[in-house]
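Text of model_27.txt (compact mmCIF, C-alpha atoms) as supplied:
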# COMPACT_ATOMS: atom_id res chain seq x y z
CA MET A 1 13.54 7.17 -21.66
CA ILE A 2 11.31 4.18 -20.85
CA GLY A 3 11.16 4.94 -17.15
CA GLY A 4 10.66 8.64 -17.76
CA LEU A 5 7.77 8.01 -20.14
CA CYS A 6 6.14 5.65 -17.65
CA LEU A 7 6.41 8.24 -14.88
CA THR A 8 5.16 11.08 -17.06
CA ILE A 9 2.01 9.21 -18.03
CA ALA A 10 1.44 7.99 -14.47
CA PHE A 11 1.68 11.48 -13.01
CA VAL A 12 -0.32 13.23 -15.75
CA TRP A 13 -3.17 10.72 -15.55
CA SER A 14 -3.36 10.49 -11.76
CA TRP A 15 -2.82 14.16 -10.97
CA ALA A 16 -5.45 15.10 -13.57
CA ILE A 17 -7.88 12.78 -11.79
CA GLY A 18 -6.85 14.38 -8.50
CA ALA A 19 -7.54 17.86 -9.89
CA ALA A 20 -10.94 16.73 -11.14
CA ALA A 21 -11.72 15.22 -7.73
CA TRP A 22 -10.81 18.51 -6.05
CA ARG A 23 -12.99 20.55 -8.42
CA ALA A 24 -15.91 18.15 -7.88
CA ASP A 25 -15.41 18.01 -4.09
CA ALA A 26 -15.44 14.25 -4.61
CA PHE A 27 -14.09 13.37 -1.17
CA ALA A 28 -17.21 14.81 0.48
CA GLU A 29 -19.08 11.58 -0.33
CA PRO A 30 -17.77 8.00 0.14
CA THR A 31 -19.05 6.81 -3.24
CA THR A 32 -17.43 9.56 -5.30
CA GLN A 33 -14.28 9.32 -3.18
CA PHE A 34 -14.01 5.63 -4.06
CA LEU A 35 -14.65 6.18 -7.77
CA TYR A 36 -12.11 8.97 -8.16
CA SER A 37 -9.53 7.11 -6.05
CA PHE A 38 -10.04 3.97 -8.14
CA ALA A 39 -9.46 5.91 -11.35
CA TYR A 40 -6.44 7.65 -9.81
CA MET A 41 -4.64 4.42 -8.97
CA TRP A 42 -4.45 3.24 -12.60
CA GLY A 43 -1.92 5.88 -13.65
CA PRO A 44 1.21 3.74 -13.10
CA ALA A 45 -0.24 0.75 -14.97
CA LEU A 46 -1.24 2.95 -17.89
CA GLY A 47 2.26 4.42 -17.97
CA ALA A 48 3.84 0.97 -17.89
CA VAL A 49 1.63 -0.43 -20.66
CA VAL A 50 2.40 2.49 -22.97
CA ALA A 51 6.12 2.72 -22.21
CA VAL A 52 6.77 -1.02 -22.55
CA GLN A 53 5.69 -0.83 -26.20
CA PHE A 54 9.08 0.75 -26.91
CA LEU A 55 10.86 -2.44 -25.81
CA PRO A 56 11.34 -5.48 -28.08
CA ARG A 57 8.18 -7.60 -28.19
CA GLY A 58 9.79 -10.70 -26.69
CA THR A 59 11.03 -8.85 -23.59
CA ARG A 60 7.85 -7.07 -22.53
CA ILE A 61 6.35 -9.68 -20.18
CA GLU A 62 9.64 -10.02 -18.32
CA ALA A 63 10.11 -6.24 -18.22
CA LEU A 64 6.72 -5.90 -16.56
CA GLY A 65 7.45 -8.73 -14.12
CA LEU A 66 4.24 -10.51 -15.08
CA ARG A 67 5.65 -14.03 -15.24
CA TRP A 68 4.08 -15.87 -12.28
CA ARG A 69 6.52 -17.68 -9.99
CA TRP A 70 5.45 -20.17 -7.34
CA ASN A 71 7.77 -19.96 -4.33
CA LEU A 72 7.72 -19.44 -0.57
CA TRP A 73 8.09 -15.71 -1.04
CA LEU A 74 4.37 -15.66 -1.78
CA VAL A 75 3.89 -16.61 1.87
CA ALA A 76 6.27 -13.83 2.91
CA ALA A 77 4.40 -11.36 0.69
CA TRP A 78 1.25 -12.19 2.65
CA ALA A 79 2.68 -12.58 6.15
CA ILE A 80 5.07 -9.60 6.36
CA PRO A 81 2.41 -6.89 5.90
CA ILE A 82 0.18 -8.59 8.47
CA LEU A 83 3.05 -8.55 10.96
CA LEU A 84 3.71 -4.88 10.17
CA VAL A 85 0.08 -3.96 10.84
CA ALA A 86 -0.07 -6.07 14.01
CA GLY A 87 3.09 -4.45 15.35
CA ALA A 88 1.80 -1.00 14.44
CA LEU A 89 -1.45 -1.61 16.31
CA ALA A 90 0.43 -2.82 19.38
CA LEU A 91 2.67 0.25 19.36
CA SER A 92 -0.30 2.55 18.75
CA THR A 93 -1.78 1.59 22.11
CA LEU A 94 1.21 3.30 23.76
CA ALA A 95 0.33 6.70 22.28
CA PRO A 96 -1.16 9.27 24.70
CA GLY A 97 -4.94 9.04 24.82
CA ALA A 98 -5.16 5.90 22.67
CA ALA A 99 -7.14 2.85 23.77
CA ALA A 100 -7.55 -0.65 22.39
CA GLN A 101 -10.62 -2.82 21.99
CA TRP A 102 -11.41 -6.20 20.48
CA PRO A 103 -12.20 -6.11 16.75
CA SER A 104 -15.67 -7.39 17.61
CA GLU A 105 -16.33 -4.27 19.71
CA GLY A 106 -15.34 -1.99 16.86
CA ALA A 107 -17.44 -3.99 14.40
CA ARG A 108 -20.50 -3.81 16.68
CA LYS A 109 -20.14 -0.04 17.00
CA ILE A 110 -20.01 0.38 13.23
CA LEU A 111 -23.04 -1.88 12.80
CA ALA A 112 -24.94 0.12 15.42
CA GLU A 113 -24.11 3.40 13.64
CA GLN A 114 -25.59 1.90 10.49
CA GLY A 115 -28.71 0.70 12.30
CA GLY A 116 -27.71 -2.97 12.34
CA HIS A 117 -26.70 -5.56 14.90
CA THR A 118 -25.41 -9.13 15.15
CA ASP A 119 -25.95 -11.96 17.61
CA LEU A 120 -22.58 -13.54 16.88
CA SER A 121 -20.28 -14.12 19.83
CA ASP A 122 -17.28 -11.84 20.31
CA MET A 123 -14.88 -14.63 19.36
CA THR A 124 -16.79 -15.55 16.20
CA LEU A 125 -17.14 -11.93 15.11
CA THR A 126 -13.46 -11.25 15.78
CA LEU A 127 -12.43 -14.27 13.69
CA ILE A 128 -14.71 -13.17 10.86
CA VAL A 129 -13.26 -9.64 10.90
CA LEU A 130 -9.69 -10.94 10.89
CA ALA A 131 -10.39 -13.47 8.13
CA GLN A 132 -12.12 -10.87 5.96
CA ALA A 133 -9.17 -8.50 6.25
CA THR A 134 -6.24 -10.89 6.00
CA LEU A 135 -7.69 -13.49 3.63
CA MET A 136 -10.65 -12.21 1.63
CA GLY A 137 -9.41 -8.63 1.58
CA ALA A 138 -5.96 -9.71 0.45
CA LEU A 139 -7.44 -11.96 -2.24
CA ILE A 140 -9.62 -9.17 -3.62
CA ASN A 141 -6.97 -6.45 -3.39
CA THR A 142 -4.09 -8.37 -4.95
CA PRO A 143 -5.26 -8.34 -8.60
CA LEU A 144 -6.47 -4.73 -8.25
CA LEU A 145 -3.06 -3.55 -7.07
CA ILE A 146 -1.60 -4.35 -10.49
CA SER A 147 -2.91 -0.83 -11.20
CA GLU A 148 0.00 0.59 -9.20
CA GLU A 149 2.54 -2.20 -9.08
CA LEU A 150 2.77 -2.74 -12.83
CA GLY A 151 4.50 0.63 -12.85
CA TRP A 152 6.42 0.80 -9.55
CA ARG A 153 7.56 -2.81 -9.12
CA GLY A 154 7.00 -3.86 -12.72
CA LEU A 155 8.45 -1.71 -15.49
CA LEU A 156 10.35 0.76 -13.29
CA TRP A 157 11.87 -2.14 -11.36
CA SER A 158 13.28 -3.66 -14.54
CA GLN A 159 14.53 -0.27 -15.72
CA TRP A 160 16.14 0.88 -12.46
CA GLN A 161 17.23 -2.18 -10.49
CA ALA A 162 20.27 -3.06 -12.61
CA ARG A 163 21.39 0.57 -12.91
CA LEU A 164 20.80 1.79 -9.37
CA GLY A 165 21.14 -1.37 -7.31
CA PHE A 166 18.71 -2.47 -4.63
CA TRP A 167 18.97 0.54 -2.31
CA GLY A 168 19.19 3.16 -5.04
CA ASN A 169 16.12 1.70 -6.69
CA ALA A 170 14.27 1.49 -3.36
CA LEU A 171 15.02 5.12 -2.49
CA LEU A 172 14.08 6.50 -5.90
CA THR A 173 10.95 4.38 -6.25
CA GLY A 174 9.86 5.17 -2.71
CA PHE A 175 10.31 8.87 -3.39
CA VAL A 176 8.36 9.00 -6.66
CA TRP A 177 5.70 6.67 -5.23
CA GLY A 178 5.19 9.03 -2.31
CA VAL A 179 5.12 12.18 -4.46
CA TRP A 180 2.67 10.52 -6.86
CA HIS A 181 0.20 10.12 -3.96
CA ALA A 182 0.33 13.83 -3.02
CA PRO A 183 -2.97 15.08 -4.54
CA LEU A 184 -4.89 12.10 -3.17
CA ILE A 185 -3.46 12.62 0.31
CA ALA A 186 -4.07 16.38 0.22
CA LEU A 187 -7.72 15.62 -0.50
CA GLY A 188 -7.96 13.60 2.71
CA HIS A 189 -6.88 10.02 2.00
CA ASN A 190 -5.14 8.35 5.00
CA TRP A 191 -4.72 11.63 6.92
CA PRO A 192 -8.04 13.54 6.71
CA GLY A 193 -7.84 17.23 7.46
CA MET A 194 -4.07 17.35 6.92
CA PRO A 195 -3.66 18.71 3.36
CA ILE A 196 -0.17 20.08 4.04
CA GLU A 197 1.33 17.57 6.48
CA GLY A 198 -0.35 14.54 4.91
CA PRO A 199 1.64 14.43 1.64
CA PHE A 200 4.92 14.66 3.56
CA LEU A 201 3.81 11.86 5.88
CA MET A 202 2.93 9.75 2.84
CA LEU A 203 6.32 10.44 1.30
CA ALA A 204 8.03 9.19 4.46
CA PHE A 205 5.63 6.22 4.64
CA CYS A 206 6.39 5.11 1.07
CA MET A 207 10.14 5.50 1.46
CA LEU A 208 10.14 3.46 4.69
CA LEU A 209 7.87 0.75 3.27
CA THR A 210 9.71 0.31 -0.03
CA PRO A 211 12.76 -1.68 1.21
CA ALA A 212 10.60 -4.53 2.57
CA LEU A 213 8.36 -4.45 -0.49
CA HIS A 214 11.35 -4.50 -2.84
CA TRP A 215 12.98 -7.33 -0.89
CA VAL A 216 9.91 -9.49 -1.46
CA ARG A 217 9.78 -8.41 -5.11
CA GLU A 218 13.46 -9.24 -5.61
CA CYS A 219 13.34 -12.65 -3.95
CA GLY A 220 9.90 -13.59 -5.24
CA GLY A 221 10.78 -12.72 -8.81
CA SER A 222 7.51 -11.22 -10.04
CA VAL A 223 5.33 -8.15 -9.78
CA TRP A 224 2.57 -10.39 -8.38
CA HIS A 225 4.53 -10.77 -5.15
CA ALA A 226 4.49 -6.98 -4.81
CA CYS A 227 0.75 -6.93 -5.56
CA LEU A 228 0.11 -9.51 -2.84
CA PHE A 229 2.23 -7.57 -0.33
CA HIS A 230 0.60 -4.24 -1.17
CA GLY A 231 -2.91 -5.69 -1.31
CA THR A 232 -2.53 -7.51 2.00
CA LEU A 233 -1.17 -4.39 3.70
CA ASN A 234 -4.12 -2.31 2.51
CA ALA A 235 -6.60 -4.98 3.59
CA ALA A 236 -5.01 -5.62 6.99
CA ALA A 237 -4.88 -1.89 7.68
CA THR A 238 -8.69 -1.83 7.78
CA ILE A 239 -8.52 -3.65 11.12
CA GLY A 240 -6.94 -0.56 12.70
CA PRO A 241 -10.08 1.56 13.19
CA LEU A 242 -11.83 -1.47 14.73
CA VAL A 243 -9.07 -2.05 17.27
CA ILE A 244 -7.63 1.37 18.14
CA ILE A 245 -9.63 4.26 19.54
CA ALA A 246 -7.35 6.96 18.16
CA PRO A 247 -7.61 10.58 19.31
CA ASN A 248 -5.34 11.72 16.46
CA TRP A 249 -3.29 10.44 13.55
CA MET A 250 -0.31 9.52 15.73
CA SER A 251 -2.11 6.48 17.16
CA ASN A 252 -3.79 5.54 13.88
CA GLY A 253 -2.30 2.10 13.28
CA ILE A 254 -0.07 1.56 10.27
CA VAL A 255 -0.33 5.23 9.20
CA GLY A 256 0.41 6.47 12.72
CA LEU A 257 3.66 6.70 14.65
CA GLY A 258 3.47 3.00 15.50
CA GLY A 259 3.31 2.22 11.81
CA PHE A 260 6.27 4.45 11.00
CA ALA A 261 8.26 2.73 13.75
CA MET A 262 7.43 -0.72 12.35
CA LEU A 263 8.36 0.34 8.83
CA ALA A 264 11.68 1.75 10.04
CA ILE A 265 12.38 -1.53 11.85
CA SER A 266 11.50 -3.48 8.70
CA ALA A 267 13.94 -1.39 6.64
CA LEU A 268 16.69 -2.09 9.17
CA LEU A 269 15.90 -5.81 9.07
CA VAL A 270 16.06 -5.82 5.28
CA SER A 271 19.47 -4.16 5.49
CA ALA A 272 20.65 -6.84 7.91
CA LEU A 273 19.07 -9.92 6.31
CA ARG A 274 19.14 -9.26 2.58
CA ARG A 275 21.72 -11.09 0.52
CA PRO A 276 22.41 -9.91 -3.05
CA PRO A 277 21.15 -12.43 -5.62
CA ALA A 278 23.73 -14.68 -7.21
CA ALA A 279 25.07 -13.33 -10.48
Will you turn the file into structure tokens for me?
Amino acid sequence: MIGGLCLTIAFVWSWAIGAAAWRADAFAEPTTQFLYSFAYMWGPALGAVVAVQFLPRGTRIEALGLRWRWNLWLVAAWAIPILLVAGALALSTLAPGAAAQWPSEGARKILAEQGGHTDLSDMTLTLIVLAQATLMGALINTPLLISEELGWRGLLWSQWQARLGFWGNALLTGFVWGVWHAPLIALGHNWPGMPIEGPFLMLAFCMLLTPALHWVRECGGSVWHACLFHGTLNAAATIGPLVIIAPNWMSNGIVGLGGFAMLAISALLVSALRRPPAA
């Protein structure tokens, strides 16, 4: 009941926002795209906050996974997504027609398109771009990702992990997480111009990503580890367009074929390395 209520609210809220975005043609402008997407992402947190009220008061913080835990898995939650993105970018250069450039080159091109320029050296500009994505971007994104993770790796984790086990929980969560994204993806998020194929690609993406994300959540012991992982991945992914000249989605970094390959490898590594927690 608790998990079902959380999911119902998450889907109703987010898909209603998606329908409103479609009616308003919100993805035609960057500002309205951001605003509607930002509202969309709060569905899972809203579902979790409402559904957890049906649990005893003293168990709610633990059920949501909000108790902060200092451990080395915070480092893993930051480093693993960066490695996934780096590997995806390397593999993307192998795609037909793809080409690579230094992040500084991509940044200069974007500045030029906006009528700006910089006199910084290539090395300095590259370091700034990398630091902004992997440090500042991760720091900013992490608290914002509670909007999703409070549902997926918060309340639903506590409801499903004991019943379904690690892999059952990962498969089910990955599936509903992917389906939940469908309206946003159909509107053009991640795979622009692919309203039919895009949602299926996102479903596969979420299901492949979930084992590594759940491993960090399990070992780290809090939803904040999942927020850091998710936030760092989103931030690091912004390096992709600066590095890869992609003729199509297949060479598009973490959401291209290179990214799918890295996520599949990560799932296999989780299967090989994970040890069930002591009873």
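For A:Leu127, the set of protein, DNA and RNA residues having any atom at most 12 Å away, when counting all atoms listed in the file and skipping those fewer than 4 positions along the same chain, is A:Trp102, A:Pro103, A:Ser104, A:Ala107, A:Leu120, A:Ser121, A:Asp122, A:Met123, A:Ala131, A:Gln132, A:Ala133, A:Thr134, A:Leu135, A:Ile239.
The gap separating atom CA of A:Arg274 from atom CA of A:Asn141 is 26.9 Å, in Å to one decimal.
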### Message
Between atom CA of A:Phe205 and atom CA of A:His181, what is the distance in Å, rounded to a tenth?
### Response
10.9 Å
Applying 10 Å and only C-alpha atoms, which residues near stretch 153-163 of chain A remain after dropping the ones on its own chain fewer than 4 positions away? List them as a CSV table (one decimal) with C-alpha atoms, in the frame of the given file.
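Result file part_17.csv:
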chain,number,residue,atom,x,y,z
A,1,MET,CA,13.5,7.2,-21.7
A,2,ILE,CA,11.3,4.2,-20.8
A,3,GLY,CA,11.2,4.9,-17.2
A,4,GLY,CA,10.7,8.6,-17.8
A,6,CYS,CA,6.1,5.6,-17.6
A,7,LEU,CA,6.4,8.2,-14.9
A,44,PRO,CA,1.2,3.7,-13.1
A,45,ALA,CA,-0.2,0.8,-15.0
A,47,GLY,CA,2.3,4.4,-18.0
A,48,ALA,CA,3.8,1.0,-17.9
A,49,VAL,CA,1.6,-0.4,-20.7
A,51,ALA,CA,6.1,2.7,-22.2
A,52,VAL,CA,6.8,-1.0,-22.6
A,60,ARG,CA,7.8,-7.1,-22.5
A,61,ILE,CA,6.4,-9.7,-20.2
A,62,GLU,CA,9.6,-10.0,-18.3
A,63,ALA,CA,10.1,-6.2,-18.2
A,64,LEU,CA,6.7,-5.9,-16.6
A,65,GLY,CA,7.4,-8.7,-14.1
A,66,LEU,CA,4.2,-10.5,-15.1
A,146,ILE,CA,-1.6,-4.4,-10.5
A,148,GLU,CA,0.0,0.6,-9.2
A,149,GLU,CA,2.5,-2.2,-9.1
A,167,TRP,CA,19.0,0.5,-2.3
A,168,GLY,CA,19.2,3.2,-5.0
A,169,ASN,CA,16.1,1.7,-6.7
A,170,ALA,CA,14.3,1.5,-3.4
A,172,LEU,CA,14.1,6.5,-5.9
A,173,THR,CA,11.0,4.4,-6.2
A,210,THR,CA,9.7,0.3,0.0
A,213,LEU,CA,8.4,-4.4,-0.5
A,214,HIS,CA,11.4,-4.5,-2.8
A,217,ARG,CA,9.8,-8.4,-5.1
A,218,GLU,CA,13.5,-9.2,-5.6
A,222,SER,CA,7.5,-11.2,-10.0
A,223,VAL,CA,5.3,-8.2,-9.8
A,224,TRP,CA,2.6,-10.4,-8.4
A,225,HIS,CA,4.5,-10.8,-5.2
A,226,ALA,CA,4.5,-7.0,-4.8
A,227,CYS,CA,0.8,-6.9,-5.6
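As for atom CA of A:Leu242 and atom CA of A:Glu29, they are spaced 21.2 Å apart.
Residue nearest A:Phe166 within the list A:Pro276, A:Pro183, A:Pro199, A:Pro30: A:Pro276 [criterion: smallest interatomic distance, only C-alpha atoms].
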### Message
Can you tell me which residues surround A:Gly256 at a distance of at most 12 Å, considering all atoms listed in the file, apart from same-chain residues fewer than 3 positions away, and format the answer as a PyMOL selection string?
### Response
chain A and resi 85+87-95+98+190-191+198+201-202+204-205+237+240-241+244+246-253+259-263
Selection file, C-alpha atoms, as a PDB file, keeping the file's coordinate frame:
ATOM      1  CA  VAL A  85       0.080  -3.960  10.840  1.00  0.00           C
ATOM      2  CA  GLY A  87       3.090  -4.450  15.350  1.00  0.00           C
ATOM      3  CA  ALA A  88       1.800  -1.000  14.440  1.00  0.00           C
ATOM      4  CA  LEU A  89      -1.450  -1.610  16.310  1.00  0.00           C
ATOM      5  CA  ALA A  90       0.430  -2.820  19.380  1.00  0.00           C
ATOM      6  CA  LEU A  91       2.670   0.250  19.360  1.00  0.00           C
ATOM      7  CA  SER A  92      -0.300   2.550  18.750  1.00  0.00           C
ATOM      8  CA  THR A  93      -1.780   1.590  22.110  1.00  0.00           C
ATOM      9  CA  LEU A  94       1.210   3.300  23.760  1.00  0.00           C
ATOM     10  CA  ALA A  95       0.330   6.700  22.280  1.00  0.00           C
ATOM     11  CA  ALA A  98      -5.160   5.900  22.670  1.00  0.00           C
ATOM     12  CA  ASN A 190      -5.140   8.350   5.000  1.00  0.00           C
ATOM     13  CA  TRP A 191      -4.720  11.630   6.920  1.00  0.00           C
ATOM     14  CA  GLY A 198      -0.350  14.540   4.910  1.00  0.00           C
ATOM     15  CA  LEU A 201       3.810  11.860   5.880  1.00  0.00           C
ATOM     16  CA  MET A 202       2.930   9.750   2.840  1.00  0.00           C
ATOM     17  CA  ALA A 204       8.030   9.190   4.460  1.00  0.00           C
ATOM     18  CA  PHE A 205       5.630   6.220   4.640  1.00  0.00           C
ATOM     19  CA  ALA A 237      -4.880  -1.890   7.680  1.00  0.00           C
ATOM     20  CA  GLY A 240      -6.940  -0.560  12.700  1.00  0.00           C
ATOM     21  CA  PRO A 241     -10.080   1.560  13.190  1.00  0.00           C
ATOM     22  CA  ILE A 244      -7.630   1.370  18.140  1.00  0.00           C
ATOM     23  CA  ALA A 246      -7.350   6.960  18.160  1.00  0.00           C
ATOM     24  CA  PRO A 247      -7.610  10.580  19.310  1.00  0.00           C
ATOM     25  CA  ASN A 248      -5.340  11.720  16.460  1.00  0.00           C
ATOM     26  CA  TRP A 249      -3.290  10.440  13.550  1.00  0.00           C
ATOM     27  CA  MET A 250      -0.310   9.520  15.730  1.00  0.00           C
ATOM     28  CA  SER A 251      -2.110   6.480  17.160  1.00  0.00           C
ATOM     29  CA  ASN A 252      -3.790   5.540  13.880  1.00  0.00           C
ATOM     30  CA  GLY A 253      -2.300   2.100  13.280  1.00  0.00           C
ATOM     31  CA  GLY A 259       3.310   2.220  11.810  1.00  0.00           C
ATOM     32  CA  PHE A 260       6.270   4.450  11.000  1.00  0.00           C
ATOM     33  CA  ALA A 261       8.260   2.730  13.750  1.00  0.00           C
ATOM     34  CA  MET A 262       7.430  -0.720  12.350  1.00  0.00           C
ATOM     35  CA  LEU A 263       8.360   0.340   8.830  1.00  0.00           C
TER      36      LEU A 263
END
### Task
Between A:Pro96, A:Gly193, A:Gly137, A:Gly188, single out the one closest to A:Thr232, counting all atoms listed in the file.
A:Gly137
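Considering the residues A:Ile110, A:Leu35, A:Ala236, A:Val243 and counting all atoms listed in the file, A:Thr126 has its shortest atom-to-atom contact with A:Val243.
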### Task
For each of A:Leu208, A:Leu5, A:Ile82, A:Val12, take the minimum atom-to-atom distance to A:Met41, counting all atoms listed in the file, then give the residue where this is smallest.
A:Val12
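With only C-alpha atoms as the basis for measurement, A:Leu150 is the residue among A:Leu150, A:Ile140, A:Leu164, A:Ala100 that approaches A:Leu46 most closely.
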### Summary
Using all atoms listed in the file, the residue out of A:Ala79, A:Leu209, A:Ala99, A:Ala138 with shortest distance to A:Asn234 is A:Ala138
Listed atoms of stretch 106-117 of chain A, axis-aligned box, 4 Å per side: centre and edge lengths to one decimal in Å, as AutoDock Vina command-line options?
--center_x -22.0 --center_y -1.1 --center_z 13.7 --size_x 21.4 --size_y 17.0 --size_z 14.5
### Task
Might you pull out every residue within 12 Å of A:Trp180, with only C-alpha atoms counted and same-chain residues fewer than 3 positions away left off, and present them as an MDAnalysis selection string?
chainID A and resid 7:18 40:44 148 151:152 173:177 183:186 199:200 202:203 206
